[in-house]
Structure formats: C-alpha cells, structure tokens
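The block underneath contains the structure these notes are about, expressed in structure tokens.
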Amino acid sequence: MVSTMGDDAEEKWVEERNEEEEEEGEVLDDSSDDPTFDIAEEAQSSLSKLSMRKSRVKKCASNDSSGDESEVQGMDIPALNEKDEKCFEQIEKIIKGGLLETLKVDHCKIYLRKYGLRLTGKKDILLDRIKEHLEILDGNGEKKYPVSSFEIDCRGDACTGDVVLFEQNVYEMFSIASRSATAPSCGTRLVAGRIVKESYGMAKQQHTFTVEVLWSKGVKPWPPLHPLLIKGRNLYRLQTKRQRWADENERKKALDEKHSRGNVARSSREARIQQKQERKNLAGSTR
C-alpha cells in the first residue's frame, strides 16, 4: 500500500518492490490493476503465477482485445489529524483572501497533504504547486491541456518533463491477491499528466515513472495533481501520446540522460548477478 510521500521515500518504495519481484520471480507483464484498490505484496510462487495467468485469460478475455491493461498505482491520501484540519481551515481563508504568498512552508505542506499532493521542494516550488492545483481544481485542466494538443506517439520512449495522455480500463471488481480483474471492465479512464520523476529499481531495471495528474475523466477519475506510479512497460502499452516540447532538442538531451542512467543500472545489476552466482558456486564447492 502506498501513501503520499516525498521523492526519497517514493524511490525507496519503488526499489523495495522491485527487489521483492526479483526474489519472487518476474512480475506478470499482462497483469491488470484498477488503481482504486490497494496493491498487495506479491508473494505467489512461480506455479501460482502460471495458474493466475491462465485464470486471467479466461476472466478478462472480453477486455483483452484493447491491449491496454496496465499497472497504474495511485497513492492513498491519509486524513489530516485534528490539529492540521483546523489549520487547513485557516489556510483556506488565507488563500481566498488573496494572501497565498504569506503561507509558511508548514502551511503549504498541510494544504498539499490535504489533497494527497507531492511535498518535495522549497517554498517557491510548493507555492507553485498550490497555484497550479487551484488553477485546475475546477475542471480547468482540460482547457489548459486539451486532447488535441497530444499529437505525438511516445509509446516507445518517455521521459521526465513529458506531458502525456493515456487511457486505461477500469474494473468493477478486482482481486488484490491475484492482481487481476474478476469482472468485466466497467469503462475507461482518460488521464492527462506530467511525468515529474523516473527511476530504476536497484534489484532490476524496473523503470518507473511518477506522473502528476493534470486532468482525468471517465470512470473513477483521478483528482488534479494526484501522483501515480506507472512502470514504463505499462505506460508504453497504453497508446500514450504526448505534447510537443517548446524545444525538442532539450527533450533529446533528457532522453539521452535517461538512457545513460539505464545503461549504468543494467551494468550494476549484471555485476550483482555475477557476484551472486559466484557465491553460490563457492558455497557448493565447499560442501
């Protein structure tokens, strides 16, 4: 289960999940998640996963044709305690009075926690996040980021800074244990968001994006600026489109940096695998 978190805690959470996956076996690429539900720890054996795969094909055959099933994990929004709730009431009055800039850092973070938004950054960044949230809170996100502006196919590659649009299936019933739908799709959810962070897991190269929702509509839409965690392979399966950057050369630089980090991560993993195998061989020879 994921709660609203800062960048360091979020990256640690991603890496811990990836390490668990390496111990338990490869995660099923065609698993379907309705992110409205909490994600249980993956503790099934390889045999049970094969069984789930067969079961899933039967249960979701009618929905499989779209090819857009994915793992998109929303973050839980914890309730404010009584003290912060009272403080939030005062913060609202300050904002409505046009005195947003007078908020202290602690006040900014209470506002952001109230709506489950990211807490990282200095005061000016926190204030900008609140301003953007207020701007798109009443359904203005789609006006600022219209569907027609997403014209470039980026299913093969995406990076931090991309503003993307994708559609996902939403299921009425969902099994936490098997991480699969147990009922037909009840509709789709359209999501426009900004990729604000990307990371590679330590255990294996599970490339994960953090996406801030700019607007969402359809079944069970996400609230504005809600952070989502999406594995790269799943984002690319969603027929994702992106907006054009003001300077596409800057985007190319960002992609080159991303690929460089990926190469480093792969090399590190290969070295760890080799060391692990050498330790096994050494242990076997001493018996």
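Labels for the structure tokens follow display order: chains A, B, ..., residues from 1 in each chain, ligands from 1.
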
**Request:** Run DSSP on the backbone and grab whatever in region 112-246 of chain A lands in alpha helix (DSSP H); send it over as a VMD selection string.
**Result:** chain A and resid 112 to 114 123 to 136 141 to 144 232 to 236

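CA of Gly232 (chain A) is found 21.7 Å from CA of Val147 (chain A).
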
With a cut-off of 12 Å, could you pull out the residues of region 146-237 of chain A touching region 97-112 of chain A and give me the nearest pair of atoms for each, distance in Å to one decimal, using only C-alpha atoms, ordered by chain and ascending number, as CSV?
residue,atom,partner,partner_atom,distance
A:Pro224,CA,A:Leu112,CA,11.5
A:Leu225,CA,A:Leu112,CA,9.8
A:His226,CA,A:Leu112,CA,10.1
A:Pro227,CA,A:Leu112,CA,11.6

Quick one: which region 182-203 of chain A residues come within 6 Å of region 215-219 of chain A, and what is the nearest atom pair for each with the distance in Å to one decimal, counting only C-alpha atoms, rows ordered by chain and ascending number, as a Markdown table?
| residue | atom | partner | partner_atom | distance |
| --- | --- | --- | --- | --- |
| A:Gly187 | CA | A:Val219 | CA | 5.9 |
| A:Thr188 | CA | A:Val219 | CA | 5.7 |
| A:Arg189 | CA | A:Gly218 | CA | 4.5 |
| A:Leu190 | CA | A:Lys217 | CA | 5.4 |
| A:Val191 | CA | A:Ser216 | CA | 4.5 |
| A:Ala192 | CA | A:Trp215 | CA | 5.4 |

Same residues, C-alpha atoms, saved as a tab-separated table (two decimals), in the first residue's frame:
chain	number	residue	atom	x	y	z
A	187	GLY	CA	-15.47	1.58	-18.51
A	188	THR	CA	-12.33	3.53	-19.18
A	189	ARG	CA	-10.48	6.42	-17.59
A	190	LEU	CA	-8.69	9.07	-19.65
A	191	VAL	CA	-5.68	10.61	-17.91
A	192	ALA	CA	-3.54	13.59	-18.84

**Asked** So what do you get for CA of Ile95 (chain A) versus CA of Ile136 (chain A), distance-wise?
**Response** 15.2 Å

**Message:** Using DSSP secondary structure from the backbone, list all strand (DSSP E) positions within region 125-268 of chain A, as number ranges by chain.
**Reply:** A: 152-153, 163-171, 174-175, 180-181, 185-200, 207-218, 227-231, 241-242

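One distance worth recording is that between CA of Lys280 (chain A) and CA of Asn263 (chain A), which is 25.9 Å.
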
**Item:** Residue among A:Gly262, A:Gly121, A:Pro78, A:Gly116 lying closest to Tyr200 (chain A), counting only C-alpha atoms
**Value:**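 Once distances to Tyr200 (chain A) are computed over only C-alpha atoms, the minimum belongs to A:Gly262.
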
**Request:** Please provide as a VMD selection string all residues within 9 Å of Arg261 (chain A), with the sequence filter that same-chain residues fewer than 5 positions apart are discarded (counting only C-alpha atoms).
**Result:** chain A and resid 199 to 200 256 266

Would you export the selected residues with C-alpha atoms as a PDB file, in the first residue's frame, please?
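That gives us selection.pdb:
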ATOM      1  CA  SER A 199      13.712   5.869 -11.523  1.00  0.00           C
ATOM      2  CA  TYR A 200      15.298   2.466 -11.993  1.00  0.00           C
ATOM      3  CA  ASP A 256      19.981  10.678 -23.634  1.00  0.00           C
ATOM      4  CA  ARG A 266      21.868  -2.593 -16.151  1.00  0.00           C
TER       5      ARG A 266
END
